[in-house]
file target.txt (compact mmCIF, C-alpha atoms and all ligand atoms)
# COMPACT_ATOMS: atom_id res chain seq x y z
CA MET A 1 49.20 23.74 89.57
CA SER A 2 47.87 25.60 92.59
CA ALA A 3 46.28 24.48 95.84
CA LEU A 4 43.36 26.71 94.91
CA ASP A 5 42.76 25.45 91.36
CA PHE A 6 39.33 23.99 92.17
CA ARG A 7 37.67 25.88 89.28
CA ALA A 8 39.99 24.24 86.79
CA ARG A 9 39.59 20.82 88.35
CA LEU A 10 35.80 21.15 88.33
CA ALA A 11 35.92 22.28 84.71
CA ALA A 12 37.89 19.14 83.86
CA LEU A 13 35.16 17.00 85.44
CA ALA A 14 32.51 18.90 83.51
CA GLU A 15 34.46 18.32 80.30
CA GLN A 16 34.14 14.56 80.81
CA ASP A 17 30.40 14.73 81.64
CA LEU A 18 31.31 13.72 85.18
CA LEU A 19 29.94 16.65 87.12
CA ARG A 20 27.18 15.65 89.54
CA THR A 21 24.33 17.78 90.77
CA ARG A 22 21.92 17.12 93.63
CA ALA A 23 18.17 17.18 93.20
CA VAL A 24 16.32 18.73 96.12
CA LEU A 25 13.29 16.59 96.91
CA ASP A 26 10.08 17.97 98.33
CA ALA A 27 8.32 14.68 99.07
CA PRO A 28 9.22 11.64 101.20
CA CYS A 29 11.18 8.80 99.65
CA GLY A 30 8.83 6.82 97.43
CA PRO A 31 7.76 6.19 93.84
CA HIS A 32 6.41 9.72 93.46
CA ALA A 33 9.18 12.22 93.87
CA GLU A 34 8.79 15.96 93.73
CA VAL A 35 11.69 17.91 92.30
CA ASP A 36 11.59 21.61 91.41
CA GLY A 37 7.80 21.60 91.55
CA GLN A 38 7.63 18.67 89.12
CA ARG A 39 6.18 15.32 90.14
CA LEU A 40 8.34 12.48 88.85
CA LEU A 41 7.80 8.75 88.82
CA SER A 42 11.01 7.66 90.52
CA PHE A 43 13.08 4.56 89.84
CA ALA A 44 16.04 6.20 91.51
CA GLY A 45 15.98 5.02 95.14
CA ASN A 46 16.97 1.86 96.99
CA ASP A 47 13.82 1.63 99.10
CA TYR A 48 13.13 -1.78 97.57
CA LEU A 49 10.26 -2.77 99.85
CA GLY A 50 8.68 0.65 100.26
CA LEU A 51 9.46 0.85 103.99
CA ALA A 52 11.19 4.28 104.07
CA ALA A 53 7.90 6.10 104.65
CA HIS A 54 5.88 3.16 106.01
CA PRO A 55 3.47 4.35 108.74
CA GLU A 56 4.53 1.63 111.21
CA VAL A 57 8.20 2.51 110.83
CA VAL A 58 7.46 6.24 111.10
CA GLU A 59 5.41 5.64 114.25
CA ALA A 60 8.14 3.50 115.80
CA LEU A 61 10.62 6.33 115.22
CA ARG A 62 8.22 8.85 116.75
CA GLU A 63 7.59 6.67 119.81
CA GLY A 64 11.28 5.85 120.07
CA ALA A 65 12.18 9.55 120.16
CA ALA A 66 9.49 10.23 122.78
CA ARG A 67 10.77 7.41 124.98
CA TRP A 68 14.53 7.65 124.38
CA GLY A 69 15.19 11.19 123.23
CA VAL A 70 17.20 11.91 120.15
CA GLY A 71 20.94 11.56 120.73
CA ALA A 72 22.78 8.58 122.19
CA GLY A 73 25.35 10.97 123.64
CA ALA A 74 28.43 8.77 123.33
CA SER A 75 29.96 5.86 121.48
CA HIS A 76 28.67 2.34 122.19
CA LEU A 77 31.68 1.36 124.31
CA VAL A 78 31.49 4.44 126.50
CA SER A 79 27.88 5.18 127.45
CA GLY A 80 25.85 5.29 124.22
CA HIS A 81 24.70 1.66 123.94
CA GLN A 82 21.03 1.81 124.86
CA ARG A 83 18.41 -0.89 125.25
CA PRO A 84 16.95 -0.45 121.72
CA HIS A 85 20.45 -0.89 120.21
CA GLU A 86 20.98 -4.05 122.24
CA GLU A 87 17.57 -5.50 121.33
CA LEU A 88 18.10 -4.65 117.69
CA GLU A 89 21.40 -6.53 117.57
CA GLN A 90 19.73 -9.57 119.09
CA ALA A 91 16.92 -9.30 116.55
CA PHE A 92 19.42 -9.23 113.65
CA ALA A 93 21.27 -12.26 114.99
CA ARG A 94 18.01 -14.17 115.39
CA PHE A 95 16.74 -13.11 111.95
CA THR A 96 19.91 -14.00 110.05
CA GLY A 97 20.51 -17.18 112.09
CA LEU A 98 24.04 -15.97 112.88
CA PRO A 99 25.50 -16.13 116.40
CA ARG A 100 25.96 -12.41 117.00
CA ALA A 101 25.37 -9.03 115.36
CA LEU A 102 26.84 -5.56 115.87
CA PHE A 103 24.93 -2.40 114.88
CA PHE A 104 26.66 0.43 112.98
CA SER A 105 25.43 3.87 112.02
CA THR A 106 26.00 3.34 108.26
CA GLY A 107 27.12 0.62 105.87
CA TYR A 108 30.15 2.68 104.91
CA MET A 109 31.20 2.84 108.57
CA ALA A 110 30.58 -0.88 109.01
CA ASN A 111 32.83 -1.75 106.09
CA LEU A 112 35.52 0.66 107.31
CA ALA A 113 35.53 -1.24 110.60
CA VAL A 114 35.40 -4.77 109.23
CA LEU A 115 38.35 -5.00 106.86
CA PRO A 116 40.92 -3.25 109.10
CA ALA A 117 39.72 -5.42 112.01
CA LEU A 118 40.21 -8.62 110.03
CA ALA A 119 43.38 -7.84 108.09
CA GLY A 120 46.45 -5.70 108.61
CA ARG A 121 50.01 -5.23 107.41
CA GLY A 122 51.36 -8.49 106.00
CA ASP A 123 47.87 -9.90 105.40
CA THR A 124 46.01 -10.13 102.10
CA VAL A 125 42.59 -8.83 101.10
CA ILE A 126 41.25 -10.33 97.89
CA ALA A 127 38.52 -8.17 96.44
CA ASP A 128 36.21 -8.38 93.46
CA ARG A 129 36.96 -5.57 91.00
CA LEU A 130 33.33 -4.37 91.09
CA ASN A 131 33.08 -4.15 94.86
CA HIS A 132 31.40 -1.11 96.37
CA ALA A 133 33.59 1.95 96.96
CA SER A 134 33.30 1.54 100.73
CA LEU A 135 34.95 -1.88 100.49
CA VAL A 136 37.69 -0.50 98.26
CA ASP A 137 38.38 2.25 100.81
CA ALA A 138 38.21 -0.21 103.71
CA ALA A 139 40.71 -2.53 102.05
CA LEU A 140 43.14 0.37 101.56
CA LEU A 141 42.65 1.49 105.15
CA SER A 142 43.49 -2.01 106.42
CA ARG A 143 47.09 -1.64 105.12
CA ALA A 144 46.92 -5.25 103.97
CA THR A 145 48.08 -6.17 100.48
CA VAL A 146 45.05 -5.71 98.26
CA ARG A 147 44.50 -7.95 95.25
CA ARG A 148 41.61 -6.84 93.06
CA VAL A 149 40.49 -9.71 90.84
CA PRO A 150 38.24 -9.79 87.75
CA HIS A 151 34.53 -9.73 88.50
CA VAL A 152 33.17 -13.04 89.91
CA ASP A 153 36.11 -14.96 88.40
CA LEU A 154 36.53 -17.96 90.74
CA THR A 155 39.73 -19.05 89.02
CA ALA A 156 41.25 -15.64 89.66
CA PHE A 157 40.11 -15.73 93.32
CA GLU A 158 41.72 -19.14 93.69
CA ARG A 159 44.97 -17.99 92.12
CA ALA A 160 45.08 -14.96 94.41
CA LEU A 161 44.35 -17.10 97.48
CA ALA A 162 47.04 -19.61 96.58
CA SER A 163 49.72 -16.91 96.49
CA ALA A 164 48.44 -14.75 99.38
CA ASP A 165 50.50 -13.96 102.46
CA GLY A 166 49.38 -13.70 106.08
CA ARG A 167 45.73 -13.85 107.05
CA LYS A 168 43.51 -14.04 104.01
CA VAL A 169 40.23 -12.22 103.60
CA VAL A 170 38.02 -12.50 100.52
CA VAL A 171 35.55 -9.65 100.22
CA VAL A 172 32.62 -9.23 97.83
CA ASP A 173 29.31 -7.50 97.44
CA GLY A 174 26.57 -10.13 97.86
CA VAL A 175 24.61 -8.33 95.15
CA PHE A 176 26.74 -6.03 93.02
CA SER A 177 25.30 -2.58 93.36
CA MET A 178 25.61 -1.36 89.78
CA ASP A 179 25.01 -4.69 87.99
CA GLY A 180 22.49 -6.45 90.21
CA ASP A 181 24.20 -9.84 89.81
CA LEU A 182 25.10 -12.11 92.74
CA ALA A 183 28.55 -13.10 93.98
CA PRO A 184 29.23 -16.83 93.45
CA LEU A 185 29.21 -17.38 97.21
CA PRO A 186 29.10 -21.20 97.35
CA GLY A 187 32.24 -21.36 95.19
CA LEU A 188 33.93 -18.58 97.14
CA LEU A 189 33.18 -20.23 100.48
CA ALA A 190 34.63 -23.53 99.23
CA LEU A 191 37.80 -21.66 98.19
CA CYS A 192 37.96 -19.93 101.56
CA GLU A 193 37.72 -23.28 103.32
CA ARG A 194 40.46 -24.74 101.15
CA HIS A 195 42.77 -21.79 101.76
CA ASP A 196 41.84 -20.96 105.37
CA ALA A 197 40.41 -17.56 104.49
CA LEU A 198 37.58 -15.43 105.81
CA LEU A 199 34.72 -14.42 103.50
CA VAL A 200 33.24 -10.94 103.99
CA VAL A 201 29.89 -10.47 102.23
CA ASP A 202 28.42 -6.97 101.91
CA ASP A 203 24.74 -7.66 101.31
CA ALA A 204 23.53 -4.06 101.03
CA HIS A 205 21.18 -4.98 98.17
CA GLY A 206 20.25 -8.52 99.19
CA PHE A 207 19.19 -8.02 102.80
CA GLY A 208 15.39 -7.80 102.93
CA VAL A 209 15.06 -8.81 99.28
CA LEU A 210 16.70 -12.23 98.80
CA GLY A 211 16.30 -15.49 100.70
CA ALA A 212 13.57 -16.86 102.93
CA GLN A 213 11.64 -13.94 104.46
CA GLY A 214 14.27 -11.56 103.12
CA ARG A 215 17.08 -13.00 105.25
CA GLY A 216 19.54 -12.12 102.51
CA VAL A 217 22.00 -13.69 100.13
CA LEU A 218 23.33 -16.31 102.59
CA SER A 219 19.81 -17.66 102.98
CA HIS A 220 19.35 -17.48 99.19
CA PHE A 221 22.32 -19.83 98.76
CA GLY A 222 21.70 -21.80 101.98
CA LEU A 223 25.17 -20.97 103.34
CA ALA A 224 26.41 -20.91 106.93
CA SER A 225 29.99 -20.94 108.14
CA PRO A 226 32.06 -19.37 110.92
CA ARG A 227 34.28 -18.08 108.10
CA ILE A 228 31.56 -15.74 106.86
CA VAL A 229 31.31 -12.16 108.10
CA TYR A 230 27.99 -10.76 106.89
CA VAL A 231 27.29 -7.05 106.46
CA GLY A 232 23.66 -6.00 106.06
CA THR A 233 22.92 -2.33 105.42
CA LEU A 234 19.71 -0.72 106.60
CA GLY A 235 19.22 2.32 104.38
CA LYS A 236 18.00 0.29 101.42
CA ALA A 237 15.35 -2.44 101.73
CA ALA A 238 15.04 -1.73 105.46
CA GLY A 239 14.19 1.86 104.56
CA VAL A 240 15.91 3.53 107.53
CA ALA A 241 19.69 3.96 108.02
CA GLY A 242 22.54 2.01 109.55
CA ALA A 243 24.07 -1.42 109.13
CA PHE A 244 24.86 -4.55 111.06
CA VAL A 245 27.72 -6.99 110.90
CA ALA A 246 26.91 -10.55 111.89
CA GLY A 247 28.87 -13.75 112.20
CA ASP A 248 30.80 -15.98 114.56
CA ALA A 249 30.55 -14.68 118.14
CA ASP A 250 34.33 -14.37 118.61
CA ALA A 251 34.75 -12.59 115.29
CA ILE A 252 32.06 -10.07 116.25
CA GLU A 253 33.59 -9.58 119.71
CA TRP A 254 36.93 -8.87 118.00
CA LEU A 255 35.21 -6.40 115.68
CA MET A 256 33.60 -4.66 118.64
CA GLN A 257 36.93 -4.45 120.49
CA THR A 258 39.03 -3.26 117.57
CA GLY A 259 36.81 -1.74 114.88
CA ARG A 260 37.87 1.90 114.87
CA SER A 261 34.82 3.23 113.04
CA TYR A 262 32.74 1.40 115.67
CA ARG A 263 34.62 2.65 118.70
CA TYR A 264 35.30 6.22 117.74
CA THR A 265 31.88 7.39 116.67
CA THR A 266 28.70 8.35 118.49
CA ALA A 267 26.08 5.61 118.54
CA ALA A 268 23.16 6.15 116.17
CA PRO A 269 20.06 7.66 117.82
CA PRO A 270 18.26 4.94 119.81
CA ALA A 271 14.99 5.95 118.11
CA LEU A 272 16.52 4.75 114.84
CA ALA A 273 17.01 1.36 116.44
CA CYS A 274 13.31 1.43 117.39
CA ALA A 275 12.38 2.24 113.78
CA LEU A 276 14.64 -0.57 112.59
CA GLN A 277 12.95 -3.08 114.87
CA ALA A 278 9.64 -2.17 113.22
CA SER A 279 11.23 -2.36 109.78
CA LEU A 280 12.70 -5.78 110.53
CA ARG A 281 9.26 -7.08 111.54
CA LEU A 282 7.85 -5.85 108.22
CA ILE A 283 10.71 -7.45 106.28
CA GLU A 284 10.06 -10.75 108.03
CA VAL A 285 6.37 -10.78 107.06
CA GLY A 286 7.07 -9.14 103.69
CA ASP A 287 6.69 -12.05 101.27
CA ALA A 288 3.89 -10.21 99.48
CA LEU A 289 6.22 -7.22 98.98
CA ARG A 290 8.96 -9.46 97.60
CA ALA A 291 6.45 -11.20 95.29
CA ARG A 292 5.37 -7.83 93.96
CA LEU A 293 8.99 -6.92 93.29
CA ALA A 294 9.44 -10.17 91.37
CA GLY A 295 6.36 -9.34 89.29
CA HIS A 296 7.79 -5.91 88.42
CA ARG A 297 11.08 -7.53 87.42
CA ALA A 298 9.34 -9.95 85.09
CA GLN A 299 7.32 -7.14 83.51
CA LEU A 300 10.45 -5.08 82.88
CA ALA A 301 12.42 -8.04 81.50
CA ALA A 302 9.64 -8.83 79.02
CA ALA A 303 9.47 -5.22 77.83
CA ALA A 304 13.26 -4.86 77.63
CA ALA A 305 13.56 -7.53 74.94
CA THR A 306 12.66 -4.96 72.25
CA LEU A 307 14.95 -2.14 73.47
CA ARG A 308 18.10 -1.18 71.67
CA TRP A 309 20.19 -1.45 74.84
CA PRO A 310 20.67 -4.61 76.89
CA LEU A 311 19.07 -5.03 80.31
CA LEU A 312 21.60 -6.87 82.48
CA PRO A 313 20.24 -10.15 83.86
CA SER A 314 19.42 -9.55 87.52
CA ASP A 315 17.25 -11.36 90.06
CA THR A 316 17.30 -8.34 92.30
CA ALA A 317 15.64 -4.93 92.42
CA ILE A 318 18.62 -3.43 90.56
CA GLN A 319 17.92 -3.45 86.83
CA PRO A 320 20.71 -1.82 84.79
CA VAL A 321 20.31 -0.82 81.14
CA VAL A 322 23.81 -0.50 79.72
CA VAL A 323 24.11 2.41 77.28
CA GLY A 324 27.90 2.83 76.96
CA GLY A 325 29.05 6.44 76.70
CA ASN A 326 28.62 8.97 79.49
CA ALA A 327 26.87 11.54 77.28
CA ASP A 328 24.53 8.88 75.80
CA ALA A 329 23.55 7.62 79.24
CA LEU A 330 22.87 11.19 80.37
CA ALA A 331 20.81 11.83 77.23
CA LEU A 332 18.67 8.74 77.84
CA SER A 333 18.13 9.72 81.46
CA ALA A 334 17.15 13.23 80.28
CA ALA A 335 14.74 11.81 77.67
CA LEU A 336 12.99 9.81 80.38
CA ARG A 337 12.95 12.85 82.62
CA ARG A 338 11.08 14.81 79.91
CA ARG A 339 8.47 12.02 80.04
CA GLY A 340 8.14 12.46 83.82
CA LEU A 341 10.36 9.56 84.88
CA TRP A 342 13.42 9.72 87.09
CA VAL A 343 15.99 7.04 86.30
CA PRO A 344 19.56 8.02 87.10
CA ALA A 345 22.48 7.61 84.74
CA ILE A 346 25.47 6.00 86.45
CA ARG A 347 28.86 6.97 85.09
CA PRO A 348 32.52 6.23 85.83
CA PRO A 349 34.17 6.00 88.25
CA THR A 350 31.11 4.33 89.79
CA VAL A 351 31.08 1.92 86.82
CA PRO A 352 33.90 1.02 84.40
CA ALA A 353 34.56 3.48 81.54
CA GLY A 354 32.43 2.71 78.49
CA SER A 355 29.67 1.06 80.50
CA ALA A 356 27.65 4.07 81.62
CA ARG A 357 24.12 2.97 82.29
CA LEU A 358 20.67 3.66 83.56
CA ARG A 359 20.22 2.11 86.95
CA ILE A 360 16.55 1.26 87.30
CA SER A 361 15.64 0.54 90.91
CA LEU A 362 12.38 -1.30 91.37
CA SER A 363 10.36 -1.15 94.56
CA ALA A 364 7.40 -2.99 95.98
CA ALA A 365 5.93 0.48 96.38
CA HIS A 366 5.66 0.76 92.58
CA THR A 367 2.39 -0.32 90.97
CA GLY A 368 1.89 -2.25 87.75
CA THR A 369 0.80 1.04 86.18
CA ASP A 370 4.12 2.62 87.22
CA LEU A 371 5.90 -0.24 85.44
CA ASP A 372 3.75 0.26 82.34
CA ALA A 373 4.81 3.91 82.30
CA LEU A 374 8.49 2.97 82.64
CA CYS A 375 8.35 0.33 79.91
CA SER A 376 6.58 2.54 77.38
CA ALA A 377 8.90 5.49 78.05
CA LEU A 378 11.94 3.25 77.55
CA GLN A 379 10.46 1.92 74.32
CA GLU A 380 9.78 5.43 72.99
CA ALA A 381 13.32 6.53 73.85
CA SER A 382 14.72 3.41 72.21
CA ASP A 383 12.75 4.05 69.00
CA ASP A 384 13.74 7.76 68.81
C1 LIG B 1 24.96 1.54 99.80
C2 LIG B 1 26.06 0.56 99.98
C3 LIG B 1 26.93 0.64 101.08
C4 LIG B 1 26.91 1.79 102.04
O1 LIG B 1 25.85 1.66 102.92
P1 LIG B 1 25.33 2.99 103.65
O2 LIG B 1 24.50 2.46 104.76
O3 LIG B 1 24.54 3.72 102.61
O4 LIG B 1 26.52 3.74 104.10
C5 LIG B 1 27.86 -0.36 101.25
N1 LIG B 1 27.96 -1.36 100.38
C6 LIG B 1 27.18 -1.46 99.29
C7 LIG B 1 27.34 -2.61 98.36
C8 LIG B 1 26.21 -0.49 99.05
O5 LIG B 1 25.44 -0.56 97.98

call {"tool": "encode", "arguments": {"input": "target.txt", "output": "structure tokens", "more": "lines below"}}
Ligand SMILES: *Cc1c(COP(=O)(O)O)cnc(C)c1O
result
Amino acid sequence: MSALDFRARLAALAEQDLLRTRAVLDAPCGPHAEVDGQRLLSFAGNDYLGLAAHPEVVEALREGAARWGVGAGASHLVSGHQRPHEELEQAFARFTGLPRALFFSTGYMANLAVLPALAGRGDTVIADRLNHASLVDAALLSRATVRRVPHVDLTAFERALASADGRKVVVVDGVFSMDGDLAPLPGLLALCERHDALLVVDDAHGFGVLGAQGRGVLSHFGLASPRIVYVGTLGKAAGVAGAFVAGDADAIEWLMQTGRSYRYTTAAPPALACALQASLRLIEVGDALRARLAGHRAQLAAAAATLRWPLLPSDTAIQPVVVGGNADALALSAALRRRGLWVPAIRPPTVPAGSARLRISLSAAHTGTDLDALCSALQEASDD
């Protein structure tokens, strides 16, 4: 073993079909991607409402940069917290119906702040086994005892809560990012009340998509509680970048005072906050976009009944087709690619070994014709 054995370590990844490559895109985020001179119909992004290249959002960014410049110049607590950031936080609090919101530059950074702010040495973080990697990392960073429990298993959550030490924090994805299913939040909140625990919900894939006017998974379930700390990320349905954490005013004040990945990083460009205000307005009036997404989902579900692989049941834009082996998932993705479609294969460690899959991401920016193309390509690949 040598400190410089990267070649060998990369070769080992390649051996297991785990080597990733990056596609260089020559068109804006949207259903029609351009890669290596080839136009591809893309089901590979998380721009669920088609806002990433929306003219109103683009214009808000342009105007924001003209008015506010580009850089914030400092962290929020020093001198980087500008009017658009402040207004955006108020808009998120109003929109989600939660007392207060704090704006972060990415969802990963938000999660890295939240768990260490809420739990420390001697405390217990109870996490769903399929939580997003950023929550796994955040839990480790908190130095609390971490209990990872079987996916959405309320009995296991209860058992872990009953034997937990110190402050207790339950943490889940609101919508699981590789399966598209929802966390059983009403049951989890009841458990948190019984065991005096906090409930952290990372709604990266629900914000903008689920609930009344896209208010997210809490609205979907009709839940409100000072025990809930809600994380919404803004690079997916909102089509921009960033995240917010919302909840009880004291909890958010504590997060602002102590969240290290909040305090020790430069504030996001204020123009991004301007773009996000425009995006939030479009989300709020976006029922037609969400209805279109639901139509696409129904069309795919109907077509998937005759495929040789199962489509996981999902009420969200994430539609996984579980293939199994890494090489088989890659082969299916490649077969679709030859037909002009871009649907990524997701492999371990992102998903459990043996459950490699295609992750189809639907968007309101897709048309019915795009869905027809996807469904017939899947059928052809299934019949091959
Ligand atoms: C994408 C994602 C994140 C990270 O958000 P970014 O803004 O992309 O850093 C966090 N949690 C979940 C569940 C995600 O899917």

call {"tool": "atom_distance", "arguments": {"input": "target.txt", "atom1": "atom CA of Ala119 of chain A", "atom2": "atom CA of Ala139 of chain A"}}
result
8.5 Å

call {"tool": "atom_distance", "arguments": {"input": "target.txt", "atom1": "atom CA of Val35 of chain A", "atom2": "atom CA of Asp370 of chain A"}}
result
17.8 Å

call {"tool": "axis_aligned_box", "arguments": {"input": "target.txt", "around": "segment 85-92 of chain A", "padding_each_side": "6 Å", "output": "AutoDock Vina command-line options"}}
result
--center_x 19.2 --center_y -5.2 --center_z 117.9 --size_x 16.5 --size_y 20.7 --size_z 20.6

call {"tool": "atom_distance", "arguments": {"input": "target.txt", "atom1": "atom CA of Ala317 of chain A", "atom2": "atom CA of Asp248 of chain A"}}
result
29.0 Å

call {"tool": "residues_near_ligand", "arguments": {"input": "target.txt", "ligand": "ligand LIG 1 (chain B)", "cutoff": "9 Å", "atoms": "all atoms listed in the file", "output": "ChimeraX atom specification"}}
result
/A:46,104-111,131-135,172-178,202-205,231-236,241-243
